[in-house]
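S.K.: Data file start_13.txt (compact mmCIF, C-alpha atoms and all ligand atoms) is appended below.
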# COMPACT_ATOMS: atom_id res chain seq x y z
CA MET A 1244 69.67 90.27 17.05
CA GLU A 1245 68.19 92.92 19.32
CA ILE A 1246 69.21 96.49 18.54
CA LYS A 1247 69.29 98.61 21.70
CA LYS A 1248 71.99 101.17 21.07
CA VAL A 1249 72.72 102.92 17.78
CA GLY A 1250 75.78 104.92 16.77
CA ILE A 1251 75.39 107.64 14.16
CA VAL A 1252 78.33 109.08 12.25
CA GLY A 1253 77.74 112.56 10.81
CA ALA A 1254 75.54 115.01 12.72
CA GLY A 1255 74.29 116.96 9.68
CA ALA A 1256 70.76 117.16 8.31
CA MET A 1257 70.30 113.39 8.02
CA GLY A 1258 72.33 112.22 11.01
CA SER A 1259 70.46 114.51 13.41
CA GLY A 1260 67.08 113.67 11.83
CA ILE A 1261 67.69 109.92 12.17
CA ALA A 1262 68.93 110.39 15.74
CA GLU A 1263 65.71 112.21 16.63
CA VAL A 1264 63.51 109.44 15.23
CA LEU A 1265 65.45 106.82 17.19
CA ILE A 1266 65.42 108.57 20.55
CA LEU A 1267 61.72 109.36 20.09
CA ASN A 1268 61.28 105.56 19.98
CA GLY A 1269 63.29 105.00 23.14
CA VAL A 1270 66.51 103.87 21.46
CA GLN A 1271 69.83 104.96 22.98
CA VAL A 1272 71.88 106.92 20.46
CA ILE A 1273 75.45 108.18 20.31
CA ILE A 1274 76.35 110.59 17.56
CA LYS A 1275 79.83 111.38 16.25
CA ASP A 1276 81.02 114.09 13.90
CA GLN A 1277 84.44 115.36 12.88
CA ASN A 1278 84.70 117.32 16.11
CA ILE A 1279 82.67 117.70 19.25
CA GLN A 1280 81.30 121.13 18.27
CA LEU A 1281 79.69 119.67 15.13
CA ALA A 1282 78.29 116.76 17.15
CA GLU A 1283 76.84 119.25 19.70
CA LYS A 1284 75.30 121.22 16.85
CA GLY A 1285 73.61 117.99 15.71
CA ARG A 1286 72.24 117.48 19.21
CA GLU A 1287 70.79 121.00 19.17
CA ASN A 1288 69.02 120.16 15.91
CA VAL A 1289 67.62 117.00 17.52
CA ARG A 1290 66.27 119.16 20.34
CA LYS A 1291 64.64 121.44 17.74
CA TYR A 1292 62.95 118.47 15.98
CA LEU A 1293 61.74 117.12 19.33
CA LYS A 1294 60.30 120.54 20.19
CA GLU A 1295 58.49 120.47 16.85
CA MET A 1296 57.00 117.11 17.89
CA GLU A 1297 56.11 118.51 21.32
CA ASN A 1298 54.21 121.46 19.77
CA TYR A 1299 52.53 119.26 17.20
CA THR A 1300 51.29 116.79 19.84
CA ARG A 1301 50.20 119.57 22.20
CA ASN A 1302 48.05 121.16 19.48
CA LEU A 1303 46.46 117.89 18.31
CA PRO A 1304 43.38 117.97 20.61
CA GLU A 1305 42.56 121.62 19.74
CA ARG A 1306 42.89 120.86 16.04
CA GLU A 1307 40.55 117.89 16.38
CA ILE A 1308 38.00 119.92 18.38
CA LYS A 1309 38.07 122.69 15.74
CA ARG A 1310 37.70 120.10 12.97
CA MET A 1311 34.66 118.60 14.65
CA GLU A 1312 33.15 122.07 15.17
CA ARG A 1313 33.64 122.78 11.47
CA PHE A 1314 31.56 119.67 10.76
CA GLY A 1315 28.85 121.06 13.04
CA VAL A 1316 29.46 118.72 16.00
CA ASP A 1317 28.51 120.48 19.23
CA LEU A 1318 30.67 119.02 22.02
CA SER A 1319 29.71 119.32 25.68
CA PRO A 1320 32.44 120.47 28.17
CA ASP A 1321 32.64 116.88 29.41
CA GLN A 1322 33.13 115.53 25.88
CA VAL A 1323 35.82 118.16 25.22
CA LYS A 1324 37.59 117.08 28.42
CA LYS A 1325 37.39 113.38 27.45
CA LEU A 1326 38.59 114.12 23.93
CA ARG A 1327 41.59 116.08 25.25
CA GLU A 1328 42.46 113.19 27.59
CA SER A 1329 42.28 110.66 24.75
CA PHE A 1330 45.25 112.23 22.95
CA PRO A 1331 48.83 111.23 23.77
CA SER A 1332 50.70 113.67 25.99
CA PRO A 1333 53.55 115.60 24.36
CA PRO A 1334 56.99 114.00 24.63
CA ASP A 1335 59.26 115.11 27.46
CA VAL A 1336 61.99 116.69 25.35
CA GLU A 1337 64.59 117.02 28.12
CA LYS A 1338 64.10 113.42 29.22
CA LEU A 1339 64.37 112.12 25.66
CA ILE A 1340 67.45 114.15 24.86
CA GLU A 1341 69.22 112.37 27.73
CA LYS A 1342 69.18 109.28 25.51
CA LEU A 1343 71.44 111.09 23.05
CA LYS A 1344 75.18 111.20 23.71
CA VAL A 1345 77.73 112.99 21.56
CA THR A 1346 81.34 112.08 20.91
CA ASP A 1347 84.31 112.70 18.63
CA THR A 1348 85.83 109.24 18.98
CA PHE A 1349 84.86 105.73 17.83
CA GLU A 1350 86.13 104.47 21.21
CA ASP A 1351 82.59 105.27 22.41
CA PHE A 1352 81.07 103.01 19.74
CA ARG A 1353 82.35 99.73 21.24
CA ASP A 1354 78.93 98.75 22.67
CA VAL A 1355 76.63 99.85 19.83
CA ASP A 1356 74.51 97.22 18.02
CA LEU A 1357 73.99 99.23 14.85
CA VAL A 1358 75.83 102.13 13.21
CA ILE A 1359 74.21 104.37 10.60
CA GLU A 1360 76.68 106.61 8.83
CA ALA A 1361 75.43 109.87 7.33
CA VAL A 1362 78.70 111.56 6.34
CA PHE A 1363 79.39 113.34 3.02
CA GLU A 1364 78.14 111.55 -0.10
CA ASP A 1365 81.57 110.46 -1.31
CA GLN A 1366 82.51 106.84 -1.99
CA GLY A 1367 86.12 107.34 -0.81
CA VAL A 1368 85.05 109.00 2.45
CA LYS A 1369 82.54 106.24 3.15
CA ASN A 1370 84.94 103.39 2.25
CA LYS A 1371 87.54 104.88 4.61
CA LEU A 1372 84.95 105.17 7.37
CA PHE A 1373 83.88 101.51 6.98
CA ARG A 1374 87.58 100.52 7.22
CA GLU A 1375 88.38 102.73 10.23
CA ILE A 1376 85.32 101.81 12.25
CA SER A 1377 86.13 98.08 11.90
CA ASP A 1378 88.68 98.35 14.73
CA PHE A 1379 86.06 99.59 17.18
CA LEU A 1380 82.73 97.82 16.61
CA LYS A 1381 81.81 94.55 18.29
CA ASP A 1382 81.72 91.55 15.96
CA ASN A 1383 77.93 91.27 15.65
CA ALA A 1384 77.33 95.00 15.08
CA ILE A 1385 75.50 95.99 11.88
CA MET A 1386 77.22 98.70 9.85
CA ALA A 1387 74.81 100.74 7.72
CA SER A 1388 75.12 103.61 5.28
CA ASN A 1389 72.47 106.25 4.65
CA THR A 1390 73.88 106.80 1.15
CA SER A 1391 71.45 108.01 -1.52
CA SER A 1392 73.40 106.75 -4.49
CA LEU A 1393 76.74 105.12 -3.68
CA ASN A 1394 77.93 101.53 -3.84
CA ILE A 1395 77.27 99.58 -0.61
CA THR A 1396 79.00 96.44 -1.93
CA GLU A 1397 82.21 98.48 -2.23
CA MET A 1398 81.77 99.96 1.27
CA ALA A 1399 81.07 96.46 2.65
CA SER A 1400 84.35 95.16 1.24
CA HIS A 1401 86.15 97.71 3.46
CA TYR A 1402 84.37 96.54 6.60
CA LYS A 1403 85.67 93.70 8.78
CA HIS A 1404 82.37 91.80 8.45
CA PRO A 1405 81.03 92.55 4.94
CA GLU A 1406 78.03 90.32 5.65
CA LYS A 1407 76.90 92.86 8.29
CA ALA A 1408 76.92 95.88 5.95
CA ILE A 1409 73.69 97.32 4.55
CA VAL A 1410 72.02 100.52 3.33
CA ILE A 1411 69.42 102.10 5.61
CA HIS A 1412 68.21 105.03 3.53
CA PHE A 1413 66.09 107.67 5.23
CA PHE A 1414 64.53 110.64 3.45
CA ASN A 1415 64.84 114.30 4.34
CA PRO A 1416 63.64 115.35 6.87
CA ALA A 1417 63.70 111.96 8.61
CA TYR A 1418 61.42 113.19 11.40
CA LEU A 1419 58.61 113.84 8.87
CA MET A 1420 59.28 111.44 5.97
CA PRO A 1421 58.39 107.91 7.06
CA LEU A 1422 60.07 105.85 4.31
CA VAL A 1423 63.24 103.82 4.85
CA GLU A 1424 64.75 101.94 1.91
CA VAL A 1425 66.68 98.87 3.01
CA VAL A 1426 69.28 97.70 0.51
CA PRO A 1427 71.61 94.78 1.13
CA ALA A 1428 75.10 94.64 -0.37
CA LEU A 1429 76.04 91.59 -2.41
CA GLN A 1430 77.74 90.20 0.72
CA THR A 1431 74.94 90.97 3.22
CA ASP A 1432 73.57 88.09 5.26
CA GLU A 1433 69.79 87.70 5.01
CA SER A 1434 69.52 87.75 8.82
CA VAL A 1435 70.87 91.32 8.80
CA VAL A 1436 68.10 92.43 6.42
CA THR A 1437 65.54 90.79 8.72
CA SER A 1438 67.01 92.40 11.85
CA VAL A 1439 66.93 95.85 10.26
CA MET A 1440 63.35 95.47 8.94
CA GLU A 1441 62.19 94.19 12.35
CA PHE A 1442 63.98 96.99 14.17
CA PHE A 1443 62.04 99.67 12.30
CA SER A 1444 58.70 97.93 12.35
CA GLY A 1445 56.37 99.70 14.81
CA LYS A 1446 58.63 102.75 15.10
CA ARG A 1447 57.29 106.22 14.38
CA ASN A 1448 58.64 109.56 13.32
CA ASN A 1449 57.02 112.87 14.36
CA ARG A 1450 53.95 112.12 12.22
CA GLU A 1451 53.65 108.55 10.98
CA ASN A 1452 54.71 104.93 11.35
CA ILE A 1453 58.02 104.20 9.67
CA VAL A 1454 57.56 102.21 6.46
CA THR A 1455 60.41 100.04 5.16
CA ILE A 1456 60.79 98.86 1.60
CA ARG A 1457 63.50 96.55 0.33
CA ALA A 1458 65.37 97.27 -2.88
CA ARG A 1459 68.20 95.68 -4.83
CA GLU A 1460 71.46 97.60 -5.02
CA SER A 1461 71.17 99.93 -8.00
CA PRO A 1462 71.77 103.68 -8.47
CA GLY A 1463 69.20 105.69 -6.50
CA PHE A 1464 67.39 102.51 -5.37
CA VAL A 1465 63.65 103.07 -5.95
CA VAL A 1466 62.63 106.60 -5.01
CA ASN A 1467 65.61 108.67 -6.17
CA ARG A 1468 65.93 106.67 -9.38
CA ILE A 1469 62.54 108.10 -10.29
CA LEU A 1470 62.66 111.47 -8.47
CA ILE A 1471 66.04 112.74 -9.70
CA PRO A 1472 65.31 112.33 -13.45
CA MET A 1473 61.99 114.09 -12.76
CA ILE A 1474 63.91 117.11 -11.40
CA THR A 1475 66.30 116.92 -14.39
CA GLU A 1476 63.33 116.97 -16.74
CA ALA A 1477 61.82 119.94 -14.89
CA VAL A 1478 65.08 121.87 -15.38
CA LYS A 1479 65.11 120.95 -19.07
CA VAL A 1480 61.52 122.20 -19.41
CA VAL A 1481 62.64 125.58 -18.05
CA GLU A 1482 65.89 125.63 -20.10
CA SER A 1483 63.93 125.03 -23.28
CA GLY A 1484 61.55 127.90 -22.53
CA VAL A 1485 58.36 125.90 -22.03
CA ALA A 1486 57.63 127.63 -18.70
CA ASP A 1487 59.54 129.28 -15.85
CA TYR A 1488 60.42 127.40 -12.69
CA ARG A 1489 57.64 128.92 -10.57
CA THR A 1490 55.08 127.87 -13.18
CA VAL A 1491 56.51 124.33 -13.29
CA ASP A 1492 56.24 124.11 -9.49
CA ILE A 1493 52.61 125.25 -9.59
CA GLY A 1494 51.89 122.77 -12.37
CA MET A 1495 53.39 119.79 -10.57
CA LYS A 1496 51.75 120.63 -7.25
CA LYS A 1497 48.28 121.32 -8.59
CA GLY A 1498 48.32 118.91 -11.52
CA ALA A 1499 50.34 115.99 -10.18
CA GLY A 1500 49.51 116.23 -6.47
CA MET A 1501 53.13 116.77 -5.40
CA PRO A 1502 53.43 118.44 -1.96
CA MET A 1503 56.45 120.42 -3.24
CA GLY A 1504 57.28 121.40 -6.81
CA PRO A 1505 60.51 120.02 -8.33
CA PHE A 1506 62.35 123.33 -7.85
CA GLU A 1507 61.21 123.75 -4.27
CA LEU A 1508 62.35 120.19 -3.68
CA ALA A 1509 65.71 120.85 -5.36
CA ASP A 1510 66.33 123.85 -3.07
CA TYR A 1511 65.27 121.82 -0.06
CA VAL A 1512 67.49 118.80 -0.82
CA GLY A 1513 70.48 120.93 -1.83
CA ILE A 1514 71.51 121.48 -5.46
CA ASP A 1515 75.07 120.33 -4.69
CA ILE A 1516 73.70 116.99 -3.47
CA LEU A 1517 71.49 116.69 -6.55
CA TYR A 1518 74.46 117.45 -8.79
CA HIS A 1519 76.51 114.64 -7.21
CA VAL A 1520 73.64 112.18 -7.50
CA MET A 1521 73.03 113.14 -11.15
CA GLU A 1522 76.74 112.72 -11.89
CA SER A 1523 76.82 109.30 -10.25
CA PHE A 1524 73.70 108.25 -12.22
CA ARG A 1525 75.44 109.41 -15.42
CA ARG A 1526 78.53 107.35 -14.59
CA ASP A 1527 76.50 104.21 -13.78
CA LEU A 1528 73.53 104.50 -16.12
CA GLY A 1529 74.61 106.64 -19.07
CA ASP A 1530 74.46 110.17 -20.49
CA PHE A 1531 70.65 110.34 -20.33
CA TYR A 1532 71.17 111.13 -16.62
CA MET A 1533 73.68 113.96 -17.18
CA PRO A 1534 73.10 117.00 -14.89
CA PRO A 1535 71.60 119.89 -16.88
CA ARG A 1536 73.78 122.98 -17.40
CA THR A 1537 71.70 125.09 -14.98
CA ILE A 1538 72.38 122.67 -12.12
CA LYS A 1539 76.15 122.85 -12.73
CA GLN A 1540 76.01 126.68 -12.92
CA LEU A 1541 74.13 126.98 -9.63
CA VAL A 1542 76.69 124.71 -7.94
CA ASP A 1543 79.57 126.78 -9.40
CA ALA A 1544 77.93 129.97 -8.10
CA GLY A 1545 77.40 128.47 -4.64
CA TRP A 1546 73.64 128.96 -5.02
CA ILE A 1547 72.84 125.52 -3.73
CA GLY A 1548 69.43 126.01 -2.18
CA MET A 1549 68.00 126.77 1.24
CA LYS A 1550 71.23 126.03 3.10
CA SER A 1551 73.06 128.78 1.15
CA GLY A 1552 70.12 131.21 1.20
CA LYS A 1553 69.66 131.01 -2.56
CA GLY A 1554 69.02 128.36 -5.17
CA PHE A 1555 66.23 128.45 -7.72
CA TYR A 1556 64.39 130.60 -5.15
CA ASP A 1557 65.79 133.41 -3.03
CA HIS A 1558 65.30 132.20 0.55
CA ARG A 1559 66.79 135.32 2.10
CA GLU A 1560 63.60 137.21 1.37
CA LYS A 1561 61.65 134.94 3.80
N1 LIG B 1601 70.14 115.71 2.41
C1 LIG B 1601 69.30 114.82 1.90
O1 LIG B 1601 68.24 115.15 1.34
C2 LIG B 1601 69.61 113.35 2.01
C3 LIG B 1601 68.56 112.40 1.95
C4 LIG B 1601 68.86 111.05 2.12
C5 LIG B 1601 70.17 110.64 2.27
N2 LIG B 1601 71.17 111.56 2.31
C6 LIG B 1601 72.53 111.08 2.50
O2 LIG B 1601 72.88 111.24 3.88
C7 LIG B 1601 74.28 111.52 3.98
C8 LIG B 1601 74.48 112.81 4.74
O3 LIG B 1601 73.80 113.84 4.07
P1 LIG B 1601 73.43 115.20 4.84
O4 LIG B 1601 72.50 115.93 3.95
O5 LIG B 1601 73.08 114.92 6.25
O6 LIG B 1601 74.87 115.92 4.81
P2 LIG B 1601 75.38 117.13 5.72
O7 LIG B 1601 76.45 117.81 4.94
O8 LIG B 1601 74.24 117.90 6.28
O9 LIG B 1601 76.08 116.36 6.97
C9 LIG B 1601 77.21 115.55 6.86
C10 LIG B 1601 77.90 115.55 8.19
O10 LIG B 1601 78.91 114.53 8.18
C11 LIG B 1601 80.04 115.03 8.88
N3 LIG B 1601 81.20 114.24 8.46
C12 LIG B 1601 81.81 114.23 7.25
N4 LIG B 1601 82.82 113.34 7.26
C13 LIG B 1601 82.84 112.76 8.48
C14 LIG B 1601 83.63 111.76 9.12
N5 LIG B 1601 84.60 111.15 8.44
N6 LIG B 1601 83.35 111.43 10.38
C15 LIG B 1601 82.35 112.02 11.06
N7 LIG B 1601 81.56 112.97 10.52
C16 LIG B 1601 81.80 113.34 9.25
C17 LIG B 1601 80.10 116.49 8.48
O11 LIG B 1601 80.90 117.25 9.36
C18 LIG B 1601 78.61 116.88 8.51
O12 LIG B 1601 78.22 117.33 9.78
C19 LIG B 1601 74.83 111.51 2.56
O13 LIG B 1601 75.30 110.23 2.27
C20 LIG B 1601 73.60 111.84 1.74
O14 LIG B 1601 73.65 111.38 0.41
C21 LIG B 1601 70.92 112.90 2.20
Translate this file's structure into structure tokens.
M.R.:
Amino acid sequence: MEIKKVGIVGAGAMGSGIAEVLILNGVQVIIKDQNIQLAEKGRENVRKYLKEMENYTRNLPEREIKRMERFGVDLSPDQVKKLRESFPSPPDVEKLIEKLKVTDTFEDFRDVDLVIEAVFEDQGVKNKLFREISDFLKDNAIMASNTSSLNITEMASHYKHPEKAIVIHFFNPAYLMPLVEVVPALQTDESVVTSVMEFFSGKRNNRENIVTIRARESPGFVVNRILIPMITEAVKVVESGVADYRTVDIGMKKGAGMPMGPFELADYVGIDILYHVMESFRRDLGDFYMPPRTIKQLVDAGWIGMKSGKGFYDHREK
């Protein structure tokens, strides 16, 4: 099935990031949130991410020229001109943004081929959404969740065509992180998995080609199943006095090649989100995955990372 128009539910960090990637690739997108103001705010974020792409692309030739000069290559004016011309021109942000519509009603979703929901990480909220949207989508539409940890088989059972439900899991920020985990529900038809994998093949975000991997339904799929316990362990290292959090971040960046330390990552993702994922791992996989005390305390204090101005780090000082 050809996917030409995508509906996104939830215009937060993930919904707006996914919308940007899609419109950058020429896909028509309509985005819905709880009210039109929130949907508009999502569109403004999309504009910001597109501007980032515009600046990045515009600066590419100069960066390449400087890089070559650093290696001692002496380019003639003609070569510089040719090099500049060989780079892609920056995207036309205003033209692209026209591909993005906003709405506060599922009435506008009647012609979409694929929906990706990115609402709050709550099984009840997502089940209800899968049920409600059933009245509006056309029969062959694919209904996907961007959930990081919840049960897609349960969501699918609330949708009118459970065989068309699937997880399409982007990473944050979607416009820079190229991975998409594709996870079928127990009921999902194989043709839906194929359609989704084919849809993303050849698409790009602001930096790289999108890469899809397929996983079986299981808490955290592949990446978060490994990443979240790593953050838990980092917190335990600090709680037990081995080192402070800044030292752990330095250690993991310089010693393990991570682009961000576990505490920087925690603040970036949101400590509230991490807490919910850790709790859901504990419920499904056992007490080994229990959130450490510090994580619970930070959530209780409202110090949940960059979005609140404070988490492990104080972001207000920046
Ligand atoms: N933040 C991350 O690092 C990350 C990474 C991958 C996946 N996810 C997943 O993506 C989803 C969204 O996460 P986020 O970080 O974008 O959250 P967010 O809080 O930034 O955004 C959620 C948005 O959904 C809207 N919303 C809530 N209920 C709704 C409803 N019934 N109808 C329409 N809109 C509704 C909210 O108003 C909000 O704008 C979650 O399932 C989360 O687990 C998050």
S.K.: Measure the distance from atom O5 of ligand LIG 1601 (chain B) to atom CA of Leu1422 of chain A in Å and round it to one decimal.
M.R.: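 Between atom O5 of ligand LIG 1601 (chain B) and atom CA of Leu1422 of chain A the gap works out to 16.0 Å.
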S.K.: To one decimal place in Å, what is the distance between atom CA of Ile1266 of chain A and atom CA of Glu1245 of chain A?
M.R.: 15.9 Å
S.K.: Counting all atoms listed in the file, what residues are within 9 Å of ligand LIG 1601 (chain B), given as a JSON list (two decimals) with C-alpha atoms, in the coordinates of the input?
M.R.:
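Contents of the output file result39.json:
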[["chain", "number", "residue", "atom", "x", "y", "z"],
["A", 1251, "ILE", "CA", 75.39, 107.64, 14.16],
["A", 1252, "VAL", "CA", 78.33, 109.08, 12.25],
["A", 1253, "GLY", "CA", 77.74, 112.56, 10.81],
["A", 1254, "ALA", "CA", 75.54, 115.01, 12.72],
["A", 1255, "GLY", "CA", 74.29, 116.96, 9.68],
["A", 1256, "ALA", "CA", 70.76, 117.16, 8.31],
["A", 1257, "MET", "CA", 70.30, 113.39, 8.02],
["A", 1258, "GLY", "CA", 72.33, 112.22, 11.01],
["A", 1259, "SER", "CA", 70.46, 114.51, 13.41],
["A", 1260, "GLY", "CA", 67.08, 113.67, 11.83],
["A", 1274, "ILE", "CA", 76.35, 110.59, 17.56],
["A", 1275, "LYS", "CA", 79.83, 111.38, 16.25],
["A", 1276, "ASP", "CA", 81.02, 114.09, 13.90],
["A", 1277, "GLN", "CA", 84.44, 115.36, 12.88],
["A", 1278, "ASN", "CA", 84.70, 117.32, 16.11],
["A", 1281, "LEU", "CA", 79.69, 119.67, 15.13],
["A", 1282, "ALA", "CA", 78.29, 116.76, 17.15],
["A", 1284, "LYS", "CA", 75.30, 121.22, 16.85],
["A", 1285, "GLY", "CA", 73.61, 117.99, 15.71],
["A", 1347, "ASP", "CA", 84.31, 112.70, 18.63],
["A", 1360, "GLU", "CA", 76.68, 106.61, 8.83],
["A", 1361, "ALA", "CA", 75.43, 109.87, 7.33],
["A", 1362, "VAL", "CA", 78.70, 111.56, 6.34],
["A", 1363, "PHE", "CA", 79.39, 113.34, 3.02],
["A", 1364, "GLU", "CA", 78.14, 111.55, -0.10],
["A", 1365, "ASP", "CA", 81.57, 110.46, -1.31],
["A", 1368, "VAL", "CA", 85.05, 109.00, 2.45],
["A", 1369, "LYS", "CA", 82.54, 106.24, 3.15],
["A", 1371, "LYS", "CA", 87.54, 104.88, 4.61],
["A", 1372, "LEU", "CA", 84.95, 105.17, 7.37],
["A", 1388, "SER", "CA", 75.12, 103.61, 5.28],
["A", 1389, "ASN", "CA", 72.47, 106.25, 4.65],
["A", 1390, "THR", "CA", 73.88, 106.80, 1.15],
["A", 1391, "SER", "CA", 71.45, 108.01, -1.52],
["A", 1392, "SER", "CA", 73.40, 106.75, -4.49],
["A", 1393, "LEU", "CA", 76.74, 105.12, -3.68],
["A", 1412, "HIS", "CA", 68.21, 105.03, 3.53],
["A", 1413, "PHE", "CA", 66.09, 107.67, 5.23],
["A", 1414, "PHE", "CA", 64.53, 110.64, 3.45],
["A", 1415, "ASN", "CA", 64.84, 114.30, 4.34],
["A", 1416, "PRO", "CA", 63.64, 115.35, 6.87],
["A", 1417, "ALA", "CA", 63.70, 111.96, 8.61],
["A", 1511, "TYR", "CA", 65.27, 121.82, -0.06],
["A", 1512, "VAL", "CA", 67.49, 118.80, -0.82],
["A", 1513, "GLY", "CA", 70.48, 120.93, -1.83],
["A", 1516, "ILE", "CA", 73.70, 116.99, -3.47],
["A", 1517, "LEU", "CA", 71.49, 116.69, -6.55],
["A", 1519, "HIS", "CA", 76.51, 114.64, -7.21],
["A", 1520, "VAL", "CA", 73.64, 112.18, -7.50]]
S.K.: Atom CA of Asn1394 of chain A and atom CA of Val1358 of chain A are how many Å apart?
M.R.: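 Calculated distance between atom CA of Asn1394 of chain A and atom CA of Val1358 of chain A is 17.2 Å.
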S.K.: Measuring atom to atom with only C-alpha atoms, identify which of A:Arg1450, A:Lys1479, A:Arg1353, A:Lys1247 is nearest to Arg1536 of chain A.
M.R.: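 For Arg1536 of chain A, the nearest of the given residues is A:Lys1479.
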S.K.: Just the residues within 9 Å of Ser1523 of chain A, please, counting all atoms listed in the file, with nothing from its chain fewer than 5 positions along; format it as number ranges by chain.
M.R.: A: 1392-1393, 1462, 1518, 1528, 1532-1533
